[in-house]
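The data block below is query.txt; it holds compact mmCIF, N, CA and C atoms.
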# COMPACT_ATOMS: atom_id res chain seq x y z
N MET G 89 6.15 18.08 -20.86
CA MET G 89 6.53 19.20 -21.66
C MET G 89 7.99 19.57 -21.38
N SER G 90 8.46 19.30 -20.19
CA SER G 90 9.84 19.65 -19.85
C SER G 90 10.81 18.53 -20.24
N HIS G 91 10.28 17.39 -20.61
CA HIS G 91 11.09 16.21 -20.94
C HIS G 91 11.91 15.72 -19.76
N ASP G 92 11.46 16.04 -18.56
CA ASP G 92 12.12 15.56 -17.35
C ASP G 92 11.28 14.40 -16.81
N HIS G 93 11.78 13.19 -17.00
CA HIS G 93 11.04 12.01 -16.60
C HIS G 93 11.59 11.40 -15.30
N SER G 94 12.31 12.18 -14.53
CA SER G 94 12.92 11.64 -13.30
C SER G 94 11.89 11.20 -12.26
N PRO G 95 10.70 11.81 -12.18
CA PRO G 95 9.74 11.31 -11.18
C PRO G 95 8.92 10.11 -11.67
N MET G 96 9.29 9.49 -12.79
CA MET G 96 8.52 8.36 -13.32
C MET G 96 8.40 7.20 -12.32
N PRO G 97 9.43 6.87 -11.53
CA PRO G 97 9.24 5.81 -10.53
C PRO G 97 8.17 6.14 -9.49
N VAL G 98 8.00 7.42 -9.20
CA VAL G 98 6.95 7.82 -8.25
C VAL G 98 5.58 7.50 -8.86
N HIS G 99 5.42 7.80 -10.13
CA HIS G 99 4.17 7.50 -10.82
C HIS G 99 3.88 6.00 -10.77
N ALA G 100 4.89 5.19 -11.01
CA ALA G 100 4.70 3.74 -10.97
C ALA G 100 4.30 3.28 -9.58
N HIS G 101 4.91 3.84 -8.54
CA HIS G 101 4.55 3.47 -7.18
C HIS G 101 3.13 3.91 -6.83
N VAL G 102 2.75 5.08 -7.30
CA VAL G 102 1.37 5.54 -7.06
C VAL G 102 0.39 4.59 -7.71
N MET G 103 0.68 4.19 -8.95
CA MET G 103 -0.24 3.31 -9.66
C MET G 103 -0.34 1.93 -9.02
N VAL G 104 0.79 1.34 -8.67
CA VAL G 104 0.77 -0.02 -8.14
C VAL G 104 0.41 -0.03 -6.65
N ALA G 105 1.15 0.73 -5.86
CA ALA G 105 0.92 0.72 -4.41
C ALA G 105 -0.39 1.42 -4.06
N GLY G 106 -0.68 2.50 -4.77
CA GLY G 106 -1.88 3.26 -4.43
C GLY G 106 -3.15 2.69 -5.02
N TRP G 107 -3.25 2.65 -6.33
CA TRP G 107 -4.50 2.30 -6.98
C TRP G 107 -4.71 0.80 -7.12
N LEU G 108 -3.74 0.09 -7.64
CA LEU G 108 -3.92 -1.34 -7.90
C LEU G 108 -4.14 -2.12 -6.59
N MET G 109 -3.27 -1.91 -5.62
CA MET G 109 -3.41 -2.66 -4.37
C MET G 109 -4.68 -2.26 -3.62
N SER G 110 -5.02 -0.98 -3.65
CA SER G 110 -6.27 -0.55 -3.01
C SER G 110 -7.48 -1.22 -3.66
N ALA G 111 -7.44 -1.37 -4.97
CA ALA G 111 -8.55 -2.04 -5.66
C ALA G 111 -8.62 -3.52 -5.28
N VAL G 112 -7.47 -4.17 -5.17
CA VAL G 112 -7.44 -5.58 -4.75
C VAL G 112 -8.02 -5.72 -3.34
N PHE G 113 -7.60 -4.85 -2.44
CA PHE G 113 -8.10 -4.91 -1.06
C PHE G 113 -9.60 -4.65 -1.02
N ALA G 114 -10.05 -3.65 -1.74
CA ALA G 114 -11.48 -3.32 -1.74
C ALA G 114 -12.31 -4.46 -2.30
N PHE G 115 -11.83 -5.08 -3.38
CA PHE G 115 -12.55 -6.19 -3.98
C PHE G 115 -12.62 -7.37 -3.01
N PHE G 116 -11.51 -7.67 -2.34
CA PHE G 116 -11.50 -8.77 -1.39
C PHE G 116 -12.46 -8.50 -0.23
N TYR G 117 -12.37 -7.32 0.36
CA TYR G 117 -13.23 -7.02 1.51
C TYR G 117 -14.70 -6.90 1.10
N HIS G 118 -14.97 -6.59 -0.16
CA HIS G 118 -16.34 -6.58 -0.65
C HIS G 118 -16.86 -8.01 -0.79
N LEU G 119 -16.01 -8.91 -1.29
CA LEU G 119 -16.42 -10.31 -1.46
C LEU G 119 -16.56 -11.04 -0.12
N PHE G 120 -15.74 -10.66 0.85
CA PHE G 120 -15.74 -11.31 2.16
C PHE G 120 -15.96 -10.27 3.25
N PRO G 121 -17.20 -9.84 3.44
CA PRO G 121 -17.48 -8.75 4.39
C PRO G 121 -17.11 -9.08 5.83
N ALA G 122 -17.13 -10.34 6.20
CA ALA G 122 -16.77 -10.70 7.58
C ALA G 122 -15.30 -10.38 7.87
N ALA G 123 -14.46 -10.47 6.84
CA ALA G 123 -13.03 -10.19 7.02
C ALA G 123 -12.78 -8.73 7.32
N ARG G 124 -13.61 -7.85 6.78
CA ARG G 124 -13.37 -6.42 7.00
C ARG G 124 -13.85 -5.95 8.37
N GLU G 125 -14.58 -6.78 9.08
CA GLU G 125 -15.10 -6.41 10.40
C GLU G 125 -14.09 -6.65 11.52
N THR G 126 -12.97 -7.26 11.21
CA THR G 126 -12.00 -7.59 12.24
C THR G 126 -11.11 -6.39 12.57
N ARG G 127 -10.51 -6.46 13.73
CA ARG G 127 -9.55 -5.42 14.16
C ARG G 127 -8.33 -5.42 13.25
N LEU G 128 -7.90 -6.61 12.81
CA LEU G 128 -6.75 -6.70 11.91
C LEU G 128 -7.00 -5.99 10.58
N ALA G 129 -8.22 -6.02 10.10
CA ALA G 129 -8.55 -5.32 8.85
C ALA G 129 -8.40 -3.81 9.02
N GLN G 130 -8.77 -3.31 10.18
CA GLN G 130 -8.59 -1.87 10.46
C GLN G 130 -7.11 -1.52 10.54
N VAL G 131 -6.34 -2.37 11.20
CA VAL G 131 -4.88 -2.15 11.27
C VAL G 131 -4.30 -2.20 9.87
N HIS G 132 -4.76 -3.15 9.07
CA HIS G 132 -4.28 -3.27 7.69
C HIS G 132 -4.56 -2.00 6.90
N PHE G 133 -5.77 -1.48 7.03
CA PHE G 133 -6.12 -0.27 6.31
C PHE G 133 -5.20 0.89 6.67
N TRP G 134 -5.05 1.14 7.98
CA TRP G 134 -4.26 2.29 8.41
C TRP G 134 -2.78 2.11 8.10
N LEU G 135 -2.28 0.91 8.25
CA LEU G 135 -0.87 0.66 7.93
C LEU G 135 -0.62 0.88 6.44
N THR G 136 -1.52 0.41 5.59
CA THR G 136 -1.39 0.60 4.16
C THR G 136 -1.51 2.08 3.79
N ALA G 137 -2.49 2.76 4.35
CA ALA G 137 -2.71 4.16 4.00
C ALA G 137 -1.54 5.05 4.41
N VAL G 138 -1.12 4.93 5.65
CA VAL G 138 -0.05 5.80 6.15
C VAL G 138 1.28 5.48 5.46
N SER G 139 1.63 4.21 5.39
CA SER G 139 2.91 3.86 4.77
C SER G 139 2.90 4.14 3.28
N GLY G 140 1.78 3.92 2.61
CA GLY G 140 1.71 4.17 1.17
C GLY G 140 1.85 5.64 0.82
N VAL G 141 1.14 6.50 1.53
CA VAL G 141 1.25 7.94 1.27
C VAL G 141 2.65 8.44 1.60
N THR G 142 3.18 8.01 2.74
CA THR G 142 4.52 8.42 3.14
C THR G 142 5.56 7.94 2.12
N LEU G 143 5.40 6.72 1.65
CA LEU G 143 6.33 6.17 0.66
C LEU G 143 6.35 7.01 -0.61
N VAL G 144 5.20 7.32 -1.14
CA VAL G 144 5.12 8.04 -2.41
C VAL G 144 5.64 9.47 -2.27
N VAL G 145 5.24 10.15 -1.21
CA VAL G 145 5.68 11.53 -1.02
C VAL G 145 7.18 11.60 -0.77
N SER G 146 7.68 10.74 0.10
CA SER G 146 9.12 10.77 0.38
C SER G 146 9.94 10.33 -0.84
N LEU G 147 9.42 9.40 -1.63
CA LEU G 147 10.12 8.98 -2.84
C LEU G 147 10.20 10.12 -3.85
N PHE G 148 9.14 10.89 -3.95
CA PHE G 148 9.15 12.05 -4.85
C PHE G 148 10.27 13.02 -4.48
N PHE G 149 10.36 13.35 -3.20
CA PHE G 149 11.39 14.28 -2.77
C PHE G 149 12.78 13.66 -2.80
N LEU G 150 12.87 12.38 -2.53
CA LEU G 150 14.16 11.69 -2.61
C LEU G 150 14.70 11.72 -4.03
N LEU G 151 13.85 11.42 -5.00
CA LEU G 151 14.28 11.45 -6.40
C LEU G 151 14.52 12.87 -6.89
N GLY G 152 13.96 13.83 -6.18
CA GLY G 152 14.21 15.23 -6.51
C GLY G 152 15.52 15.75 -5.95
N GLY G 153 16.24 14.90 -5.22
CA GLY G 153 17.55 15.30 -4.73
C GLY G 153 17.68 15.43 -3.23
N ASN G 154 16.59 15.25 -2.49
CA ASN G 154 16.65 15.37 -1.03
C ASN G 154 17.01 14.01 -0.43
N GLU G 155 18.30 13.76 -0.33
CA GLU G 155 18.76 12.45 0.14
C GLU G 155 18.50 12.21 1.62
N ALA G 156 18.17 13.25 2.36
CA ALA G 156 17.88 13.09 3.78
C ALA G 156 16.61 12.27 4.01
N LEU G 157 15.76 12.14 2.99
CA LEU G 157 14.52 11.39 3.12
C LEU G 157 14.67 9.91 2.82
N GLU G 158 15.88 9.47 2.53
CA GLU G 158 16.07 8.06 2.22
C GLU G 158 15.64 7.14 3.37
N PRO G 159 15.97 7.44 4.63
CA PRO G 159 15.48 6.56 5.72
C PRO G 159 13.96 6.54 5.83
N VAL G 160 13.33 7.67 5.59
CA VAL G 160 11.86 7.73 5.65
C VAL G 160 11.27 6.87 4.55
N THR G 161 11.85 6.95 3.36
CA THR G 161 11.38 6.14 2.24
C THR G 161 11.57 4.65 2.54
N GLY G 162 12.71 4.29 3.11
CA GLY G 162 12.96 2.89 3.44
C GLY G 162 12.03 2.37 4.50
N ILE G 163 11.80 3.15 5.55
CA ILE G 163 10.91 2.72 6.63
C ILE G 163 9.47 2.60 6.13
N SER G 164 9.03 3.56 5.32
CA SER G 164 7.66 3.48 4.81
C SER G 164 7.51 2.33 3.82
N SER G 165 8.57 2.01 3.09
CA SER G 165 8.53 0.85 2.21
C SER G 165 8.39 -0.44 3.01
N LEU G 166 9.11 -0.53 4.11
CA LEU G 166 8.97 -1.70 4.98
C LEU G 166 7.58 -1.76 5.62
N GLY G 167 7.03 -0.60 5.94
CA GLY G 167 5.66 -0.55 6.46
C GLY G 167 4.65 -1.05 5.45
N PHE G 168 4.86 -0.68 4.20
CA PHE G 168 3.95 -1.15 3.14
C PHE G 168 4.10 -2.66 2.94
N LEU G 169 5.33 -3.14 3.01
CA LEU G 169 5.56 -4.59 2.93
C LEU G 169 4.85 -5.30 4.08
N ALA G 170 4.95 -4.75 5.28
CA ALA G 170 4.26 -5.33 6.43
C ALA G 170 2.75 -5.36 6.21
N ALA G 171 2.22 -4.34 5.57
CA ALA G 171 0.79 -4.31 5.26
C ALA G 171 0.41 -5.41 4.28
N MET G 172 1.28 -5.67 3.31
CA MET G 172 1.02 -6.76 2.34
C MET G 172 1.03 -8.12 3.04
N ILE G 173 1.97 -8.30 3.95
CA ILE G 173 2.05 -9.56 4.70
C ILE G 173 0.83 -9.70 5.61
N LEU G 174 0.40 -8.60 6.23
CA LEU G 174 -0.79 -8.63 7.07
C LEU G 174 -2.03 -8.98 6.23
N PHE G 175 -2.11 -8.44 5.03
CA PHE G 175 -3.24 -8.78 4.16
C PHE G 175 -3.25 -10.27 3.84
N ALA G 176 -2.09 -10.82 3.54
CA ALA G 176 -2.01 -12.27 3.27
C ALA G 176 -2.46 -13.05 4.50
N TRP G 177 -2.07 -12.59 5.69
CA TRP G 177 -2.45 -13.23 6.95
C TRP G 177 -3.97 -13.20 7.13
N ILE G 178 -4.60 -12.12 6.71
CA ILE G 178 -6.05 -11.98 6.81
C ILE G 178 -6.75 -12.79 5.72
N ALA G 179 -6.25 -12.71 4.50
CA ALA G 179 -6.97 -13.24 3.34
C ALA G 179 -6.85 -14.75 3.16
N LEU G 180 -5.68 -15.30 3.41
CA LEU G 180 -5.49 -16.74 3.12
C LEU G 180 -6.45 -17.66 3.88
N PRO G 181 -6.63 -17.47 5.19
CA PRO G 181 -7.60 -18.36 5.86
C PRO G 181 -9.03 -18.17 5.36
N VAL G 182 -9.40 -16.96 5.01
CA VAL G 182 -10.74 -16.69 4.53
C VAL G 182 -10.96 -17.37 3.18
N VAL G 183 -9.99 -17.28 2.31
CA VAL G 183 -10.12 -17.87 0.98
C VAL G 183 -10.12 -19.39 1.06
N ARG G 184 -9.33 -19.96 1.96
CA ARG G 184 -9.30 -21.42 2.13
C ARG G 184 -10.65 -21.96 2.59
N ARG G 185 -11.35 -21.19 3.42
CA ARG G 185 -12.65 -21.62 3.92
C ARG G 185 -13.74 -21.51 2.87
N ALA G 186 -13.54 -20.63 1.89
CA ALA G 186 -14.59 -20.36 0.90
C ALA G 186 -14.71 -21.46 -0.13
When written as C-alpha cells, how does the structure in this file appear?
Amino acid sequence: MSHDHSPMPVHAHVMVAGWLMSAVFAFFYHLFPAARETRLAQVHFWLTAVSGVTLVVSLFFLLGGNEALEPVTGISSLGFLAAMILFAWIALPVVRRA
C-alpha cells in the first residue's frame, strides 16, 4: 500500500533460505531417517536455524538503513553457507548408498 518495495530482498531470502531449504532438508531427513539421527544432523539443524534467522532479521534492518548490521549479515550469510556445505557432506554419502 505504501509502494515501498525496499524490503523485497528480505522476502526473497525468507522464501528461499527459510521455507524452500527447510522443506528440502525435511524431505531428505524424512526419506533417510538414519541420517537425521547423527550428531552432524543436529549441528546442521542449529546452524541453519540460527544463521538463517539472524540473516533475515539483520538483512531487514540493513536494508532499512542500519549499516552497522552489515558485519552481522555477512557472518550469518557465511554461517548459512556453511550449513549448506554441511548438508551436502551429510547427504551425498547417504544418497550414493541408496
I want to know what sits within 8 Å of segment 161-169 of chain G, based on only N, CA and C atoms, with residues of the same chain fewer than 2 positions away left out; could you give that as a list of chain:residue names? G:Leu135, G:Thr136, G:Ala137, G:Val138, G:Ser139, G:Gly140, G:Val141, G:Thr142, G:Leu143, G:Val144, G:Val145, G:Ser146, G:Leu147, G:Leu150, G:Ala156, G:Leu157, G:Glu158, G:Pro159, G:Ala171, G:Met172, G:Ile173, G:Leu174, G:Phe175
Next item on the list: Find the residues with any atom within 6 Å of (16.3, 10.0, -11.2); use all atoms listed in the file and the coordinates as given in the file, and write the answer as JSON, numbers by chain.
Entry: {"G": [94, 95, 151]}
Preceding selection exported with N, CA and C atoms as a short mmCIF file (atom, residue, chain, number, x, y, z; two decimals), in the frame of the given file:
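Output below, filename selection_32.cif:
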data_model
loop_
_atom_site.label_atom_id
_atom_site.label_comp_id
_atom_site.auth_asym_id
_atom_site.auth_seq_id
_atom_site.Cartn_x
_atom_site.Cartn_y
_atom_site.Cartn_z
N SER G 94 12.31 12.18 -14.53
CA SER G 94 12.92 11.64 -13.30
C SER G 94 11.89 11.20 -12.26
N PRO G 95 10.70 11.81 -12.18
CA PRO G 95 9.74 11.31 -11.18
C PRO G 95 8.92 10.11 -11.67
N LEU G 151 13.85 11.42 -5.00
CA LEU G 151 14.28 11.45 -6.40
C LEU G 151 14.52 12.87 -6.89
#
Can you tell me, as a VMD selection string, which residues in chain G count as alpha helix (DSSP H) by DSSP? chain G and resid 96 to 101 109 to 119 121 to 124 127 to 151 158 to 185
Original post:
Which of these, G:Ala111, G:Met89, G:Val98, G:Ala123, has the shortest distance to Ala179 of chain G once you count all atoms listed in the file?
Top reply: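 Checking each candidate against Ala179 of chain G, we get G:Ala123 as the closest.
Of note, atom CA of Val183 of chain G and atom CA of Phe120 of chain G are spaced 8.7 Å apart.
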When you count only C-alpha atoms, which of these residues is closest to Gln130 of chain G: G:Ile178, G:Asn154, G:Val160, G:His118?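 Among G:Ile178, G:Asn154, G:Val160, G:His118, it is G:Ile178 that comes nearest to Gln130 of chain G.
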Computed gap from atom CA of Phe148 of chain G to atom CA of Met103 of chain G is 13.7 Å
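Computed from the coordinates, the atom N of Ala100 of chain G to atom CA of Gly152 of chain G distance equals 14.4 Å.
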Box time for segment 126-144 of chain G: axis-aligned, enclosing all its listed atoms, 3 Å extra on each side; report centre and edge lengths in Å to one decimal, as JSON.
{"center_x": -3.3, "center_y": 0.9, "center_z": 5.9, "size_x": 25.3, "size_y": 23.1, "size_z": 22.6}
- Task: Just give me the residues with any atom within 8 Å of (-9.8, -1.9, 5.5), file coordinates, counting all atoms listed in the file, written as a PyMOL selection string.
- Result: chain G and resi 113-114+117+123-125+128-134
